Structures are given as C-alpha cells and as structure tokens.
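Trainee: Sharing run_9.cif, mmCIF, C-alpha atoms:
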```
data_run
loop_
_atom_site.label_atom_id
_atom_site.label_comp_id
_atom_site.auth_asym_id
_atom_site.auth_seq_id
_atom_site.Cartn_x
_atom_site.Cartn_y
_atom_site.Cartn_z
CA MET A 6 -75.75 -59.22 -33.98
CA ALA A 7 -74.96 -57.21 -30.89
CA THR A 8 -75.37 -53.46 -31.16
CA SER A 9 -72.51 -51.28 -29.96
CA LEU A 10 -73.03 -48.57 -27.40
CA ALA A 11 -72.11 -45.90 -29.95
CA GLU A 12 -75.02 -47.01 -32.16
CA VAL A 13 -77.60 -46.60 -29.46
CA HIS A 14 -80.00 -43.73 -30.27
CA ASP A 15 -81.14 -41.15 -27.73
CA ASP A 16 -84.71 -42.46 -27.97
CA TRP A 17 -83.72 -46.10 -27.49
CA HIS A 18 -85.48 -46.25 -24.15
CA PRO A 19 -88.30 -43.87 -23.20
CA LYS A 20 -87.46 -44.12 -19.49
CA LEU A 21 -83.94 -42.74 -19.85
CA ASN A 22 -83.57 -39.48 -17.96
CA ASP A 23 -81.75 -36.41 -19.22
CA GLU A 24 -78.49 -37.37 -17.49
CA SER A 25 -78.51 -40.80 -19.14
CA ARG A 26 -79.28 -39.30 -22.53
CA SER A 27 -76.37 -36.87 -22.16
CA TRP A 28 -74.05 -39.76 -21.29
CA LEU A 29 -75.24 -41.65 -24.38
CA ARG A 30 -74.61 -38.63 -26.60
CA PHE A 31 -71.12 -38.31 -25.10
CA ALA A 32 -70.49 -42.03 -25.75
CA LYS A 33 -71.50 -41.51 -29.38
CA GLY A 34 -69.08 -38.61 -29.74
CA ALA A 35 -71.77 -35.93 -29.77
CA ASP A 36 -71.00 -32.43 -28.52
CA VAL A 37 -72.12 -31.91 -24.93
CA ASN A 38 -72.39 -28.41 -23.45
CA VAL A 39 -70.66 -28.21 -20.07
CA ILE A 40 -71.86 -24.61 -19.64
CA ASN A 41 -75.18 -23.61 -21.07
CA THR A 42 -74.63 -20.48 -23.14
CA ASP A 43 -78.16 -20.32 -24.49
CA GLY A 44 -79.44 -16.81 -24.03
CA LEU A 45 -76.00 -15.50 -23.00
CA VAL A 46 -75.77 -11.79 -23.85
CA LEU A 47 -72.48 -9.91 -23.53
CA ILE A 48 -73.35 -6.71 -25.38
CA GLY A 49 -76.56 -4.75 -25.35
CA PRO A 50 -79.69 -5.16 -23.25
CA GLY A 51 -79.43 -8.05 -20.79
CA SER A 52 -75.64 -7.87 -20.51
CA GLU A 53 -75.70 -5.75 -17.36
CA TRP A 54 -74.83 -8.73 -15.15
CA PHE A 55 -71.69 -9.45 -17.17
CA TRP A 56 -70.36 -5.92 -16.96
CA ALA A 57 -71.20 -5.72 -13.26
CA ALA A 58 -69.19 -8.90 -12.65
CA ALA A 59 -66.31 -7.60 -14.77
CA GLN A 60 -66.32 -4.35 -12.83
CA PHE A 61 -66.26 -6.26 -9.54
CA VAL A 62 -63.25 -8.29 -10.68
CA ALA A 63 -61.46 -5.11 -11.78
CA VAL A 64 -62.12 -3.50 -8.39
CA VAL A 65 -60.78 -6.55 -6.53
CA VAL A 66 -57.63 -6.62 -8.65
CA SER A 67 -57.11 -2.88 -8.14
CA LEU A 68 -57.55 -3.18 -4.37
CA ALA A 69 -55.05 -6.05 -4.24
CA ALA A 70 -52.53 -3.98 -6.18
CA ILE A 71 -53.07 -0.97 -3.88
CA TYR A 72 -52.66 -3.18 -0.82
CA ARG A 73 -49.37 -4.60 -2.10
CA GLN A 74 -48.14 -1.10 -2.92
CA LEU A 75 -49.05 0.20 0.54
CA ARG A 76 -47.28 -2.72 2.20
CA ALA A 77 -44.17 -2.13 0.13
CA GLN A 78 -44.27 1.58 0.89
CA GLY A 79 -44.78 0.87 4.60
CA ALA A 80 -41.77 -1.47 4.64
CA ALA A 81 -39.64 1.15 2.87
CA ASN A 82 -40.74 3.84 5.34
CA PHE A 83 -39.97 1.55 8.26
CA ILE A 84 -36.46 0.80 6.99
CA GLN A 85 -35.80 4.48 6.40
CA ARG A 86 -37.08 5.35 9.88
CA MET A 87 -34.86 2.73 11.52
CA GLN A 88 -31.84 3.90 9.54
CA THR A 89 -32.53 7.51 10.52
CA LEU A 90 -32.75 6.60 14.21
CA GLU A 91 -29.60 4.49 14.11
CA THR A 92 -27.70 7.22 12.24
CA ARG A 93 -28.83 9.75 14.82
CA TRP A 94 -27.75 7.61 17.78
CA SER A 95 -24.37 6.60 16.33
CA SER A 96 -23.49 10.01 14.87
CA PRO A 97 -20.23 11.68 15.97
CA ARG A 98 -22.19 14.52 17.54
CA MET A 99 -24.20 12.11 19.68
CA ALA A 100 -21.04 10.17 20.56
CA PHE A 101 -19.42 13.44 21.67
CA THR A 102 -22.49 14.22 23.78
CA ARG A 103 -22.44 10.79 25.40
CA LEU A 104 -18.73 11.13 26.14
CA GLU A 105 -19.06 14.59 27.66
CA VAL A 106 -22.06 13.69 29.80
CA ALA A 107 -20.61 10.35 30.93
CA MET A 108 -17.34 11.98 31.99
CA HIS A 109 -19.23 14.70 33.86
CA LEU A 110 -21.38 12.16 35.70
CA ARG A 111 -18.41 9.91 36.42
CA TYR A 112 -16.02 12.51 37.82
CA GLU A 113 -18.19 15.49 38.81
CA HIS A 114 -21.48 16.19 40.55
CA PRO A 115 -24.72 16.36 38.52
CA ASP A 116 -25.71 19.96 37.89
CA PRO A 117 -28.04 21.95 35.59
CA ALA A 118 -25.24 22.42 33.06
CA CYS A 119 -24.89 18.65 32.73
CA TYR A 120 -28.67 18.34 32.30
CA LEU A 121 -28.55 20.70 29.33
CA LYS A 122 -25.72 18.70 27.79
CA ALA A 123 -27.72 15.47 28.25
CA MET A 124 -30.87 16.78 26.56
CA PRO A 125 -30.02 15.37 23.08
CA ILE A 126 -29.74 11.91 24.64
CA LEU A 127 -32.99 12.32 26.57
CA ASP A 128 -34.76 13.69 23.50
CA PHE A 129 -33.69 10.67 21.47
CA PHE A 130 -35.20 8.25 23.96
CA ALA A 131 -38.32 10.41 24.27
CA ASP A 132 -38.75 10.14 20.50
CA LEU A 133 -38.40 6.35 20.71
CA GLN A 134 -41.07 6.26 23.39
CA ASN A 135 -43.45 8.41 21.34
CA LEU A 136 -42.91 6.27 18.24
CA GLU A 137 -43.72 3.16 20.27
CA ILE A 138 -46.86 4.73 21.71
CA GLU A 139 -48.07 5.74 18.25
CA GLY A 140 -47.38 2.26 16.89
CA TYR A 141 -44.63 3.24 14.45
CA ILE A 142 -42.06 1.00 16.14
CA SER A 143 -42.45 -2.06 18.33
CA ILE A 144 -40.99 -2.74 21.74
CA GLU A 145 -39.05 -5.64 20.21
CA GLU A 146 -37.35 -3.31 17.75
CA ILE A 147 -36.49 -0.79 20.47
CA ALA A 148 -35.17 -3.53 22.75
CA ALA A 149 -33.06 -5.14 20.03
CA ASN A 150 -31.42 -1.88 18.94
CA TRP A 151 -31.36 0.51 21.91
CA GLY A 152 -32.93 -1.33 24.83
CA ARG A 153 -29.82 -1.73 26.96
CA SER A 154 -28.54 1.76 26.15
CA LEU A 155 -31.89 3.25 27.09
CA GLN A 156 -31.93 1.46 30.45
CA GLU A 157 -28.35 2.50 31.20
CA TRP A 158 -28.77 6.15 30.26
CA ALA A 159 -32.07 6.40 32.09
CA ALA A 160 -30.15 5.31 35.21
CA PHE A 161 -27.20 7.62 34.45
CA THR A 162 -29.37 10.70 33.97
CA SER A 163 -31.90 9.97 36.70
CA PRO A 164 -30.32 12.49 39.16
CA LEU A 165 -30.35 15.17 36.45
CA VAL A 166 -34.00 14.57 35.54
CA VAL A 167 -35.15 14.41 39.17
CA ALA A 168 -33.42 17.71 39.96
CA ARG A 169 -34.94 19.32 36.87
CA ARG A 170 -38.43 18.14 37.83
CA LYS A 171 -38.08 19.68 41.28
CA SER A 172 -36.91 23.00 39.86
CA ALA A 173 -39.80 22.93 37.36
CA GLY A 174 -42.43 22.56 40.08
CA GLY A 175 -42.94 18.81 39.81
CA LEU A 176 -43.33 18.75 36.03
CA LYS A 177 -43.07 15.11 34.93
CA ILE A 178 -40.54 15.44 32.13
CA TYR A 179 -38.66 12.59 30.48
CA ASP A 180 -40.75 9.91 32.16
CA PHE A 181 -39.41 6.73 30.59
CA GLU A 182 -40.78 4.39 33.24
CA PRO A 183 -43.64 2.97 31.08
CA LEU A 184 -41.14 2.14 28.34
CA LEU A 185 -38.60 0.79 30.83
CA ILE A 186 -41.20 -1.58 32.28
CA LYS A 187 -41.79 -3.06 28.82
CA LEU A 188 -38.06 -3.37 28.18
CA ARG A 189 -37.45 -5.15 31.49
CA ALA A 190 -40.30 -7.56 30.71
CA TRP A 191 -38.77 -8.20 27.28
CA ASP A 192 -35.41 -8.95 28.92
CA ARG A 193 -36.95 -11.30 31.50
CA LYS A 194 -38.81 -13.19 28.79
CA ARG A 195 -35.49 -13.91 27.06
CA GLY A 196 -33.56 -14.67 30.23
CA PHE A 197 -31.31 -11.60 30.12
CA VAL A 198 -29.57 -10.45 33.27
CA PRO A 199 -31.37 -7.34 34.63
CA LEU A 200 -29.49 -4.07 34.82
CA GLN A 201 -27.81 -3.43 38.17
CA ALA A 202 -28.38 0.22 39.15
CA ASP A 203 -26.26 0.39 42.32
CA GLY A 204 -23.49 2.95 42.61
CA GLU A 205 -20.58 0.64 41.83
CA SER A 206 -22.32 -0.93 38.84
CA LEU A 207 -23.25 2.48 37.41
CA ARG A 208 -19.64 3.68 37.72
CA ALA A 209 -18.46 0.63 35.81
CA LEU A 210 -21.11 1.22 33.13
CA LEU A 211 -20.09 4.87 32.89
CA ASP A 212 -16.51 3.76 32.29
CA GLU A 213 -17.74 1.51 29.48
CA ALA A 214 -19.77 4.37 28.01
CA ILE A 215 -16.71 6.62 28.10
CA ASP A 216 -14.55 4.00 26.38
CA GLY A 217 -17.18 3.29 23.73
CA ALA A 218 -17.82 6.94 22.87
CA SER A 219 -14.07 7.67 22.81
CA ALA A 220 -13.47 4.79 20.41
CA THR A 221 -16.26 6.02 18.13
CA LEU A 222 -14.82 9.53 18.01
CA ARG A 223 -11.27 8.28 17.40
CA GLN A 224 -12.51 6.13 14.52
CA GLU A 225 -14.43 9.08 13.07
CA ALA A 226 -11.35 11.33 13.36
CA ALA A 227 -9.20 8.72 11.63
CA TRP A 228 -11.73 8.39 8.84
CA GLN A 229 -11.94 12.15 8.39
CA SER A 230 -8.15 12.39 8.17
CA GLY A 231 -8.12 10.20 5.09
CA ARG A 232 -5.33 8.05 6.47
CA ILE A 233 -5.57 4.46 5.35
CA PRO A 234 -4.96 1.90 8.11
CA GLU A 235 -1.70 -0.01 7.71
CA MET A 236 -0.50 -3.36 8.91
CA PRO A 237 1.33 -3.18 12.25
CA VAL A 238 5.11 -3.34 12.03
CA ARG A 239 6.39 -6.57 13.48
CA PRO A 240 10.00 -7.39 14.34
CA ALA A 241 11.76 -9.53 11.79
CA THR A 242 12.08 -13.17 12.75
CA THR A 243 15.35 -15.09 12.57
CA PRO A 244 15.94 -18.83 12.47
CA GLU A 245 17.29 -18.66 16.00
CA SER A 246 14.16 -16.89 17.31
CA GLY A 247 12.10 -20.02 16.89
CA LYS A 248 14.51 -22.16 18.89
CA ASP A 249 14.53 -22.59 22.66
#
```
What does the file become when written as structure tokens?
Mentor:
Amino acid sequence: MATSLAEVHDDWHPKLNDESRSWLRFAKGADVNVINTDGLVLIGPGSEWFWAAAQFVAVVVSLAAIYRQLRAQGAANFIQRMQTLETRWSSPRMAFTRLEVAMHLRYEHPDPACYLKAMPILDFFADLQNLEIEGYISIEEIAANWGRSLQEWAAFTSPLVVARRKSAGGLKIYDFEPLLIKLRAWDRKRGFVPLQADGESLRALLDEAIDGASATLRQEAAWQSGRIPEMPVRPATTPESGKD
C-alpha cells in the first residue's frame, strides 16, 4: 500500500536537510516557527535591545509628528503673511496715498513733498524685497500679486527717489533694481508684454492708477455709509416700444 506524504516521518531519510524536514513537518500539519523566539527576552537582563529598538521607533514617530506640525504651522504663517500684505496694499489709506501721489505726479512736478507722500508705497515694496531676500516669500508670489504694480510704481516714483538720493549725498535708498530684474525675467518666461516706461505710456498708466484708487475709495465710502446697493431704475416698457 502506498504511504501518504502526511505519514512520512521526519527521520524517513537520513539525507534530508533541515529545509526538507521543515517542509515535511508542515505537510503533516506540524507547527513551524516562522520567527525563532527561542531565547527572546523582553523584560529583565538581555532585553536591552528590545527597549532600544522601541525607543528608536518612538523617536521616529515623534520626529514625524513634529515635522508635520511645523509644516502646518509654516503654511498657516505664510497664509497670514500674504493676507497681511494684501490687506496693507488694498487698504483705504494706501489707496488714498496712491491716488494723491498719482495725481501729483500726473499734473504737477515731482518735489520733496510728493516724495514724503510716496514713502508708504516705497516702504511696502521695500518690505516685499526684504521678505524675498530672506526667503519668506518667493519671486513667483510677488510677481503674481504685486509684480506689475511694483514695476509701475517704481517707474512712477523714479524721479522722486533719484532726487532724494542726490540730496542725501548719493545714498542708495529704495533700490528695487535687483527685484525688478527678477520680475522682468519672470514676465519674459511667461510671455508677458514688458512695461513701457516712456513718457506717454507712464501718463496713461498714471491715469489708470488714479481711476483704480478713486474707485476703491468710492467703494469704501459707500460701504461705510451703510447704504445697500439697489437695482438701477429702468424706464417702463410698452408693447409699442418693441415694435419698429
């Protein structure tokens, strides 16, 4: 009678190696240890390796949690910083400053009084430049939010800044050229039309700046008044009005 594989004993053949004997025990339904736990000590002398490994895992998990927390905090700080900058630039006070300076430059000659009025605008762009240098904001973020405005106002206020530098003995104040070079390169990379800084183009841009700042201030005044916008009154239509 043929003998089944399950009936084969471990010592059936003396030349069987350990791997073959383990396979035979598995075929017979015997328990086979995948991990050898003989001599495994978790508590007491000899368990130092286990607790060292556990401590290492705990440290790795803690570092991962700290890293995620720092990234989340950094993202929150970045959003808050961008919101603060945008609020500062679009505030009614800054809109009033832009309107006053643009009207002065459009209809009068640049003078020291106009330079003093323009300082909040120049300070804002100086802060953007410092944030970019320190790595707190990227050139892409500046270009996407304030790039064109920075280039225009740098051209508008150039006579004011040049005159101030001369009166200050050549002090290089409000030097936005390094930042402007990066912004122009960013524009060229995306195929944007470069800013035209000739006299006629600057006058047209000043007119746009005046219109934009005026609209912002009118909207702010309407909001402060509490008046709710209403639908425009249209003349009543008659059946005859639709006929030729």
Trainee: A:Thr221, A:Ser95, A:Asn82, A:Ser143: which is nearest Phe129 in chain A, counting all atoms listed in the file?
Mentor: A:Ser95
Trainee: What is the CA of Arg103 in chain A-CA of Ser219 in chain A distance in Å, reported with one decimal?
Mentor: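 So the answer is 9.3 Å.
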Trainee: Using the chain letters and numbering of this document, enumerate as a PDB file with C-alpha atoms, in the frame of the given file the residues selected by the PyMOL selection byres ((chain A and resi 182-187) around 10).
Mentor:
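New file selection-v3.pdb:
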```
ATOM      1  CA  PHE A 130     -35.200   8.250  23.960  1.00  0.00           C
ATOM      2  CA  ALA A 131     -38.320  10.410  24.270  1.00  0.00           C
ATOM      3  CA  LEU A 133     -38.400   6.350  20.710  1.00  0.00           C
ATOM      4  CA  GLN A 134     -41.070   6.260  23.390  1.00  0.00           C
ATOM      5  CA  ASN A 135     -43.450   8.410  21.340  1.00  0.00           C
ATOM      6  CA  GLU A 137     -43.720   3.160  20.270  1.00  0.00           C
ATOM      7  CA  ILE A 138     -46.860   4.730  21.710  1.00  0.00           C
ATOM      8  CA  ILE A 144     -40.990  -2.740  21.740  1.00  0.00           C
ATOM      9  CA  GLU A 145     -39.050  -5.640  20.210  1.00  0.00           C
ATOM     10  CA  ILE A 147     -36.490  -0.790  20.470  1.00  0.00           C
ATOM     11  CA  ALA A 148     -35.170  -3.530  22.750  1.00  0.00           C
ATOM     12  CA  GLY A 152     -32.930  -1.330  24.830  1.00  0.00           C
ATOM     13  CA  ARG A 153     -29.820  -1.730  26.960  1.00  0.00           C
ATOM     14  CA  LEU A 155     -31.890   3.250  27.090  1.00  0.00           C
ATOM     15  CA  GLN A 156     -31.930   1.460  30.450  1.00  0.00           C
ATOM     16  CA  ALA A 159     -32.070   6.400  32.090  1.00  0.00           C
ATOM     17  CA  TYR A 179     -38.660  12.590  30.480  1.00  0.00           C
ATOM     18  CA  ASP A 180     -40.750   9.910  32.160  1.00  0.00           C
ATOM     19  CA  PHE A 181     -39.410   6.730  30.590  1.00  0.00           C
ATOM     20  CA  LEU A 188     -38.060  -3.370  28.180  1.00  0.00           C
ATOM     21  CA  ARG A 189     -37.450  -5.150  31.490  1.00  0.00           C
ATOM     22  CA  ALA A 190     -40.300  -7.560  30.710  1.00  0.00           C
ATOM     23  CA  TRP A 191     -38.770  -8.200  27.280  1.00  0.00           C
ATOM     24  CA  ASP A 192     -35.410  -8.950  28.920  1.00  0.00           C
ATOM     25  CA  ARG A 193     -36.950 -11.300  31.500  1.00  0.00           C
TER      26      ARG A 193
END
```
Trainee: What is the distance between CA of Leu211 in chain A and CA of Glu157 in chain A, in Å to one decimal?
Mentor: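 Separating CA of Leu211 in chain A from CA of Glu157 in chain A is a distance of 8.8 Å.
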Trainee: One decimal, Å: what's the distance from CA of Ser96 in chain A over to CA of Met108 in chain A, could you say?
Mentor: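 Computing it gives 18.3 Å between the two atoms.
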Trainee: From the options A:Ala160, A:Val238, A:Ala173, A:Ala69, which residue's atoms come nearest to Leu127 in chain A, counting only C-alpha atoms?
Mentor: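 Closest to Leu127 in chain A of all the choices is A:Ala160.
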Trainee: Pick the closest to Tyr141 in chain A from A:Ala58, A:Ile84, A:Ile233, A:Ala209: which is it, counting all atoms listed in the file?
Mentor: A:Ile84
Trainee: Excluding range 116-120 of chain A and its own-chain neighbours fewer than 2 positions away, which residues fall within 9 Å of it when counting only C-alpha atoms? Please give them as a ChimeraX atom specification.
Mentor: /A:105-106,109-110,113-114,122-124,162,164-166,168-169
Trainee: If I only want range 118-155 of chain A, can you write it with C-alpha atoms, as a PDB file, in the first residue's frame?
Mentor:
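And here is the file that came out, selection25.pdb:
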```pdb
ATOM      1  CA  ALA A 118       6.644 116.903  -0.578  1.00  0.00           C
ATOM      2  CA  CYS A 119       5.498 114.284  -3.079  1.00  0.00           C
ATOM      3  CA  TYR A 120       8.398 112.031  -2.044  1.00  0.00           C
ATOM      4  CA  LEU A 121       7.206 112.119   1.558  1.00  0.00           C
ATOM      5  CA  LYS A 122       3.679 111.256   0.464  1.00  0.00           C
ATOM      6  CA  ALA A 123       5.012 108.308  -1.588  1.00  0.00           C
ATOM      7  CA  MET A 124       7.025 106.792   1.259  1.00  0.00           C
ATOM      8  CA  PRO A 125       4.273 104.345   2.379  1.00  0.00           C
ATOM      9  CA  ILE A 126       4.215 102.922  -1.153  1.00  0.00           C
ATOM     10  CA  LEU A 127       8.005 102.707  -1.323  1.00  0.00           C
ATOM     11  CA  ASP A 128       8.170 101.144   2.138  1.00  0.00           C
ATOM     12  CA  PHE A 129       5.687  98.464   1.111  1.00  0.00           C
ATOM     13  CA  PHE A 130       7.788  97.419  -1.861  1.00  0.00           C
ATOM     14  CA  ALA A 131      10.958  97.588   0.235  1.00  0.00           C
ATOM     15  CA  ASP A 132       9.342  95.156   2.673  1.00  0.00           C
ATOM     16  CA  LEU A 133       8.471  92.812  -0.202  1.00  0.00           C
ATOM     17  CA  GLN A 134      12.072  92.923  -1.366  1.00  0.00           C
ATOM     18  CA  ASN A 135      13.409  92.166   2.110  1.00  0.00           C
ATOM     19  CA  LEU A 136      10.982  89.260   2.544  1.00  0.00           C
ATOM     20  CA  GLU A 137      12.133  87.822  -0.779  1.00  0.00           C
ATOM     21  CA  ILE A 138      15.793  88.188   0.161  1.00  0.00           C
ATOM     22  CA  GLU A 139      15.225  86.429   3.484  1.00  0.00           C
ATOM     23  CA  GLY A 140      13.320  83.615   1.788  1.00  0.00           C
ATOM     24  CA  TYR A 141       9.937  84.292   3.390  1.00  0.00           C
ATOM     25  CA  ILE A 142       8.238  84.897   0.042  1.00  0.00           C
ATOM     26  CA  SER A 143       9.130  83.770  -3.459  1.00  0.00           C
ATOM     27  CA  ILE A 144       9.532  85.848  -6.583  1.00  0.00           C
ATOM     28  CA  GLU A 145       6.592  83.938  -8.087  1.00  0.00           C
ATOM     29  CA  GLU A 146       4.327  85.036  -5.248  1.00  0.00           C
ATOM     30  CA  ILE A 147       5.446  88.658  -5.526  1.00  0.00           C
ATOM     31  CA  ALA A 148       5.007  88.629  -9.302  1.00  0.00           C
ATOM     32  CA  ALA A 149       1.556  87.055  -9.157  1.00  0.00           C
ATOM     33  CA  ASN A 150       0.209  89.505  -6.564  1.00  0.00           C
ATOM     34  CA  TRP A 151       2.112  92.786  -6.889  1.00  0.00           C
ATOM     35  CA  GLY A 152       4.600  92.351  -9.721  1.00  0.00           C
ATOM     36  CA  ARG A 153       3.002  94.713 -12.224  1.00  0.00           C
ATOM     37  CA  SER A 154       2.137  97.298  -9.565  1.00  0.00           C
ATOM     38  CA  LEU A 155       5.709  97.234  -8.290  1.00  0.00           C
TER      39      LEU A 155
END
```
